[in-house]
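Note sheet for the following structure.
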Amino acid sequence: MQIVWARYLFALPVLLLGTPRRAWTTLLRVARPGLQASRALLPVLASFAVVLGLVYLPLAEVTVLTFASPLLVAALSAPVLGERVAPRDWLGILIGFLGIVIVVRPGSDAFAWAAFFPLACAAFFALFQLTTRLVGRTDPPAATLAWTLLIGLGVTSLLLPLDWRPVPAAGWALMALTGLCFGGAQYLLVRAYLRAPAALLAPFTYVQIVPATLLGLLLFGAVPDAIAWLGTAIVIAAGLVVLRGRT
């Protein structure tokens with residue numbers, strides 16, 4: 001609970017620094033407030049779903065199941081957004097998913113009842129990406145980010161007293177860092193979906209395996225084996241397949 005709350009609290013400076021002060025009073029003026037509010041709840045639900053998944057399942061299984069979200073985005077972008085999903089897009093998404101499976105090598109136990117939680121996270125994140133594209137058609141990125149952060153902060157602040165625990169100084173520093181990264185990522189995500197179709201952007205969700213691998217090496221000394229490098233190469237190739245079809 002504290003980690004999810006901190007992500008929203010420390011993301012606020014990103015919003016304020018990236019928006020001219022004269023525009024602060026108009027940040028919440030949007031064309032479709034109901035859609036913005038619903039969209040803002042999706043990352044909160046996704047965060048809780050993935051945490052619950054990690055309670056019952058190993059990290060590898062949770063990771064591969066949550067990475068089903070690009071497939072859901074591609075499947076829903078036509079009926080929800082009216083965007084065409086080309087065969088090349090499907091090919092890139094499926095190749096990327098194959099690469100993730102190779103990297104994490106999930107066991108057969110992943111498909112127990114607890115798999116519902118990471119799959120729910122994937123569904124929430126897919127809907128989040130689709131609604132980001134929808135609101136981007138009428139509202140500026142700063143307004144969308146403001147709704148995301150303020151509603152998320154409001155909901156988690158209400159729940160925070162239920163399980164507050166002492167946090168050391170190092171913990172506060174790390175939570176602040178997660179919030180700044182979260183705010184920056186949300187802003188870039190909104191701008192991306194303002195400029196490009198959902199099916200085009202979905203495969204790049206897989207690319208996060210590359211910095212994850214590098215950070216694991218630098219921070220924890222985890223050296224990827226040959227199979228992990230193979231999967232990473234496949235993920236990068238998948239992104240290039242989709243980009244080639246769009247350029």
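FYI, nothing fancy with the structure tokens labels: chains A, B, ... in order, residues from 1 per chain, ligands from 1 as they appear.
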- Query: What lies within 10 Å of A:Leu45 using only C-alpha atoms, ignoring chain neighbours under 3 positions off, as a PyMOL selection string?
  - Reply: chain A and resi 40-42+48-50+120-121+124-125+152
I need the residues from that last selection saved to file as a PDB file, in the first residue's frame (with C-alpha atoms), if you can.
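The resulting file, result30.pdb, is shown below:
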```pdb
ATOM      1  CA  ALA A  40      -7.132   6.875 -13.696  1.00  0.00           C
ATOM      2  CA  LEU A  41      -8.399   3.974 -11.568  1.00  0.00           C
ATOM      3  CA  LEU A  42      -6.948   1.336 -13.905  1.00  0.00           C
ATOM      4  CA  PHE A  48      -2.818  -4.134  -6.487  1.00  0.00           C
ATOM      5  CA  ALA A  49      -3.424  -7.085  -8.829  1.00  0.00           C
ATOM      6  CA  VAL A  50       0.263  -7.605  -9.543  1.00  0.00           C
ATOM      7  CA  ALA A 120      -6.164  -9.187 -14.233  1.00  0.00           C
ATOM      8  CA  CYS A 121      -3.173  -6.833 -14.133  1.00  0.00           C
ATOM      9  CA  PHE A 124      -6.242  -3.479 -16.509  1.00  0.00           C
ATOM     10  CA  PHE A 125      -3.065  -2.275 -18.188  1.00  0.00           C
ATOM     11  CA  GLY A 152      -4.608   7.601  -7.781  1.00  0.00           C
TER      12      GLY A 152
END
```
- Taking the backbone alone, and naming residues the way the document does, which bits of stretch 81-179 of chain A are helix (DSSP H, G or I) by DSSP, as number ranges by chain? A: 81, 87-104, 108-111, 113-135, 141-163, 169-179
- Query: Got a sec: who's within 12 Å of A:Phe117, counting only C-alpha atoms, leaving out chain neighbours fewer than 4 positions off, as a list of chain:residue names?
  - Reply: A:Leu45, A:Ala46, A:Ser47, A:Phe48, A:Ala49, A:Val50, A:Val51, A:Leu52, A:Gly53, A:Leu54, A:Val55, A:Tyr56, A:Leu57, A:Glu61, A:Val62, A:Thr63, A:Leu65, A:Thr66, A:Ala110, A:Phe111, A:Ala112, A:Trp113, A:Cys121, A:Ala122, A:Ala123, A:Phe124
- Query: Looking at A:Arg191, A:Leu158, A:Leu17, A:Leu127, which one is nearest to A:Val73, with distances taken over only C-alpha atoms?
  - Reply: A:Leu127
- Task: Show which residues sit within 9 Å of A:Arg105, as a ChimeraX atom specification. Count only C-alpha atoms, and ignore same-chain residues fewer than 4 positions away.
- Result: /A:60-61,64,100-101
Please produce a file of the residues just selected, as an mmCIF file, in the first residue's frame, where the atoms kept are N, CA, C and O atoms.
```
data_model
loop_
_atom_site.group_PDB
_atom_site.id
_atom_site.type_symbol
_atom_site.label_atom_id
_atom_site.label_comp_id
_atom_site.auth_asym_id
_atom_site.auth_seq_id
_atom_site.Cartn_x
_atom_site.Cartn_y
_atom_site.Cartn_z
ATOM 1 N N ALA A 60 8.744 -14.941 -12.077
ATOM 2 C CA ALA A 60 8.768 -15.294 -13.497
ATOM 3 C C ALA A 60 7.366 -15.533 -14.038
ATOM 4 O O ALA A 60 7.012 -15.061 -15.121
ATOM 5 N N GLU A 61 6.557 -16.283 -13.282
ATOM 6 C CA GLU A 61 5.206 -16.572 -13.731
ATOM 7 C C GLU A 61 4.360 -15.302 -13.804
ATOM 8 O O GLU A 61 3.585 -15.102 -14.741
ATOM 9 N N VAL A 64 5.419 -13.166 -17.000
ATOM 10 C CA VAL A 64 4.967 -13.636 -18.306
ATOM 11 C C VAL A 64 3.463 -13.472 -18.476
ATOM 12 O O VAL A 64 2.974 -13.195 -19.571
ATOM 13 N N ILE A 100 9.533 -13.099 -24.500
ATOM 14 C CA ILE A 100 9.352 -12.993 -23.052
ATOM 15 C C ILE A 100 9.236 -14.369 -22.417
ATOM 16 O O ILE A 100 9.800 -14.634 -21.345
ATOM 17 N N VAL A 101 8.514 -15.278 -23.061
ATOM 18 C CA VAL A 101 8.386 -16.642 -22.532
ATOM 19 C C VAL A 101 9.761 -17.302 -22.439
ATOM 20 O O VAL A 101 10.072 -17.991 -21.460
#
```
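Near A:Leu194, within 12 Å and counting only C-alpha atoms, sit Gln129, Leu130, Thr131, Thr132, Arg133, Leu134, Val135, Gly136, Arg137, Thr138, Asp139, Pro140, Pro141, Ala142, Thr144, Tyr187, Leu188, Leu189 and Leu201 of chain A; same-chain residues fewer than 5 positions away were not included.
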Could you save those same residues with C-alpha atoms as a PDB file, in the first residue's frame?
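Output contents, as saved in out_19.pdb:
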```pdb
ATOM      1  CA  GLN A 129      -3.469   1.933 -22.793  1.00  0.00           C
ATOM      2  CA  LEU A 130      -6.639   1.923 -24.880  1.00  0.00           C
ATOM      3  CA  THR A 131      -8.333   4.629 -22.817  1.00  0.00           C
ATOM      4  CA  THR A 132      -5.130   6.676 -22.961  1.00  0.00           C
ATOM      5  CA  ARG A 133      -5.517   6.699 -26.720  1.00  0.00           C
ATOM      6  CA  LEU A 134      -9.183   7.689 -26.392  1.00  0.00           C
ATOM      7  CA  VAL A 135      -8.680  10.628 -24.023  1.00  0.00           C
ATOM      8  CA  GLY A 136      -5.682  11.764 -26.036  1.00  0.00           C
ATOM      9  CA  ARG A 137      -8.007  12.627 -28.886  1.00  0.00           C
ATOM     10  CA  THR A 138      -9.629  15.430 -26.893  1.00  0.00           C
ATOM     11  CA  ASP A 139      -7.486  16.292 -23.852  1.00  0.00           C
ATOM     12  CA  PRO A 140      -3.863  17.559 -23.549  1.00  0.00           C
ATOM     13  CA  PRO A 141      -1.254  15.221 -22.025  1.00  0.00           C
ATOM     14  CA  ALA A 142      -0.798  17.382 -18.897  1.00  0.00           C
ATOM     15  CA  THR A 144      -4.539  13.407 -18.523  1.00  0.00           C
ATOM     16  CA  TYR A 187       3.740  11.552 -19.196  1.00  0.00           C
ATOM     17  CA  LEU A 188       5.675   9.859 -21.995  1.00  0.00           C
ATOM     18  CA  LEU A 189       3.009   7.175 -22.339  1.00  0.00           C
ATOM     19  CA  LEU A 201       2.960   0.951 -29.415  1.00  0.00           C
TER      20      LEU A 201
END
```
- Message: Ranking A:Ala226, A:Val155, A:Val190, A:Ala143 by minimum distance to A:Ala23 and counting only C-alpha atoms, which one comes first?
- Response: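 For A:Ala23, the nearest of the given residues is A:Ala143.
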- Message: Let me make sure I understand: among A:Val104, A:Leu12, A:Val30, A:Val80, which one has the smallest atom-to-atom distance to A:Pro58 if we use only C-alpha atoms?
- Response: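 Nearest to A:Pro58: A:Val104.
With distances restricted to only C-alpha atoms, A:Leu149 is the closest residue to A:Phe182 from A:Leu159, A:Leu149, A:Pro197, A:Ala114.
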- Query: Between A:Leu145, A:Ala198, A:Val235, A:Val242, which has the minimum distance to A:Leu27 (counting only C-alpha atoms)?
  - Reply: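 The answer is A:Leu145, which sits nearest to A:Leu27.
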- Compare A:Trp147, A:Gly171, A:Gly183, A:Val210 by their minimum atom-to-atom distance to A:Arg32, counting only C-alpha atoms, and give me the closest one.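 When distances to A:Arg32 are compared using only C-alpha atoms, the smallest one comes from A:Trp147.
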- Between atom CA of A:Met175 and atom CA of A:Leu219, distance in Å (one decimal):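 We find that atom CA of A:Met175 and atom CA of A:Leu219 lie 16.8 Å from each other.
Taking atom CA of A:Asp225 as the reference point, atom CA of A:Leu71 is found at 26.7 Å.
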